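Okay, so here's the structure we're looking at.
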Amino acid sequence: MNINTLVEQIKKKQSVLCVGLDTDLDKIPKHLLKEEDPIFAFNKAIIDATHSFTVAYKPNTAFYEAYGLKGWESLEKTINYLNEKHPDIFTIADAKRGDIGNTSSRYAKAFFEDLGFDSVTTAPYMGKDSIEPFLAFEEKFTIMLALTSNPGAFDFQTQTIEGTELYKKVIATSTTWEHSERLMYVVGATKAEYLAEIRNIIPNAFLLVPGVGAQGGSMDEVFKYGMNSNAGLLINSSRGIIYASTSEDFAQAAATEAERLQKQMASHLAKLS
Ligand SMILES: O=C(O)c1cc(=O)[nH]c(=O)n1[C@@H]1O[C@H](COP(=O)(O)O)[C@@H](O)[C@H]1O
């Protein structure tokens, strides 16, 4: 996808909402379990109910890989459904990949070419040659972990090395890589107070911000410190939306929650020209 398509969607829908499809057979409504593919049936219902409030969907591949071949088929049906029905909606394979160069280029082919996602999440621990193979794909985006939402973010990411916090060094270094204009970055909503400094390093990049809802991050703080002139944000909620109800009314409840978040976003996005 071209970045302008994403920005147009954000302005049109007055939303930066990313719905996380972390679909768990133990949590979806019981009546769906008799469907031939309960995971896809659930995802389809969630997409049908929420797409008008949403600019991105993010299936986390762990929830599909956990069910082996069947799970991978559910993932494939989900991305095909999104690409056919909603080609303007940005898609994220949340796979957190990254390996030596030739392996990374296979991961990139799997998610960008075979499955047809617009973007994939990556872990930058292995450095430049582990990320550049993803960046080689035109009109595809690589969303690199920068400062994550979990408590373990303080174990390494915020440690100071030679006077700079590691996450800042990682972000600044990544801007020197070939096709760094195809990078986006993950910053947890639980770390919103760090966003102003992150914006000093990468004023223009899009940030994927998970951690509102179930993890307790504040959306208003994320906008306050993280928004740029394109919005520059994709704010993810997974469990808070898809399990808003676990009864037969799950899709309606997901739509109500997605609309509530979209309305909150619109109050900040009204400033965009
Ligand atoms: O890369 C991610 O999406 C991610 C990074 C991060 O720092 N924290 C984080 O929660 N995530 C993912 O975002 C989703 C958050 O889900 P909820 O807490 O249910 O909204 C999960 O799929 C996580 O794997």
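Here's how to read the names in the structure tokens: chain A, B, ... by the order shown, residue numbers from 1 in each chain, ligand numbers from 1 in the order shown.
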So which residues are near ligand 1, meaning at most 7 Å away with only C-alpha atoms and all ligand atoms counted, given back as a CSV table (one decimal) with C-alpha atoms, in the first residue's frame?
chain,number,residue,atom,x,y,z
A,20,GLY,CA,-6.0,-6.6,16.7
A,22,ASP,CA,-5.7,-12.0,18.4
A,60,ASN,CA,-1.0,-11.6,15.6
A,94,ASP,CA,2.2,-9.2,13.7
A,96,LYS,CA,7.9,-10.0,15.2
A,121,THR,CA,6.4,-6.4,12.7
A,145,LEU,CA,9.9,-2.8,17.8
A,147,LEU,CA,9.9,0.7,22.9
A,148,THR,CA,7.5,-2.0,23.7
A,149,SER,CA,4.4,-2.0,26.0
A,150,ASN,CA,5.4,-4.8,28.3
A,186,VAL,CA,6.2,0.1,17.7
A,187,VAL,CA,5.9,2.2,20.8
A,188,GLY,CA,3.7,1.0,23.6
A,210,PRO,CA,-0.5,-1.1,21.2
A,211,GLY,CA,-1.4,-1.2,24.8
A,212,VAL,CA,-4.5,0.8,25.1
A,213,GLY,CA,-7.4,-1.0,26.7
A,214,ALA,CA,-6.4,-4.3,28.4
A,215,GLN,CA,-2.8,-3.1,29.1
A,236,ASN,CA,-4.1,-0.9,18.3
A,237,SER,CA,-6.7,-2.6,20.5
A,238,SER,CA,-7.1,-6.3,20.4
A,239,ARG,CA,-8.9,-7.9,23.4
A,240,GLY,CA,-10.7,-4.7,24.3
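Non-sequential neighbours of stretch 257-272 of chain A (distance at most 7 Å, separation of 5 or more positions within a chain, only C-alpha atoms) are Gln14, Ser15, Val16, Leu17, Thr50, Phe53, Phe223, Ser229 and Ile241 of chain A.
Shortest separation to A:Asn43 among A:Ile235, A:Tyr243, A:Trp177, A:Lys140 occurs at residue A:Tyr243, atoms counted being only C-alpha atoms.
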Leaving out A:Glu113 and any residue of its chain fewer than 3 positions from it, which residues lie within 12 Å of it when counting only C-alpha atoms, given as a ChimeraX atom specification? /A:79,105-110,116-120,134,137-140
Enumerate the residues of stretch 98-153 of chain A with a DSSP assignment of alpha helix (DSSP H), computed from the backbone, and present them as an MDAnalysis selection string. chainID A and resid 101:108 128:135
Mind giving me the straight-line distance from atom CA of A:Gln157 to atom CA of A:Asp24 in Å, one decimal?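 Pair atom CA of A:Gln157 / atom CA of A:Asp24 returns 29.2 Å.
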Strand (DSSP E) call set, DSSP backbone run, stretch 89-137 of chain A, as a ChimeraX atom specification: /A:90-97,119-122
Please dump the current selection as an mmCIF file, in the first residue's frame; keep C-alpha atoms.
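What ended up in part-v4.cif:
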data_model
loop_
_atom_site.group_PDB
_atom_site.id
_atom_site.type_symbol
_atom_site.label_atom_id
_atom_site.label_comp_id
_atom_site.auth_asym_id
_atom_site.auth_seq_id
_atom_site.Cartn_x
_atom_site.Cartn_y
_atom_site.Cartn_z
ATOM 1 C CA PHE A 90 -3.845 -1.347 6.054
ATOM 2 C CA THR A 91 -2.897 -4.868 7.105
ATOM 3 C CA ILE A 92 -0.227 -5.844 9.618
ATOM 4 C CA ALA A 93 1.142 -9.344 10.123
ATOM 5 C CA ASP A 94 2.219 -9.169 13.738
ATOM 6 C CA ALA A 95 4.919 -11.832 13.552
ATOM 7 C CA LYS A 96 7.911 -10.049 15.157
ATOM 8 C CA ARG A 97 10.405 -11.655 12.780
ATOM 9 C CA SER A 119 3.383 -4.733 6.667
ATOM 10 C CA VAL A 120 5.055 -7.043 9.152
ATOM 11 C CA THR A 121 6.379 -6.448 12.654
ATOM 12 C CA THR A 122 10.083 -7.161 13.217
#
Using only C-alpha atoms, the best pick from A:Ala45, A:Leu233, A:Met126, A:Leu115 as closest to A:Tyr185 would be A:Leu233
Have a look at A:Met219, A:Leu166, A:Ile171, A:Ala244 and name the one nearest to A:Ala189; count only C-alpha atoms.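 Among A:Met219, A:Leu166, A:Ile171, A:Ala244, it is A:Met219 that comes nearest to A:Ala189.
Each of A:Ile3, A:Leu82, A:Cys18, A:Ile47 was checked against A:Met184 using only C-alpha atoms; the smallest atom-to-atom distance is that of A:Ile3.
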One-decimal distance in Å that lies between atom CA of A:Ser245 and atom CA of A:Lys77: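 Between atom CA of A:Lys77 and atom CA of A:Ser245 the gap is 23.5 Å.
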Enter the distance from atom CA of A:Lys12 to atom CA of A:Pro203, in Å, rounded to one decimal.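 Computing the Euclidean distance for atom CA of A:Lys12 and atom CA of A:Pro203 yields 22.6 Å.
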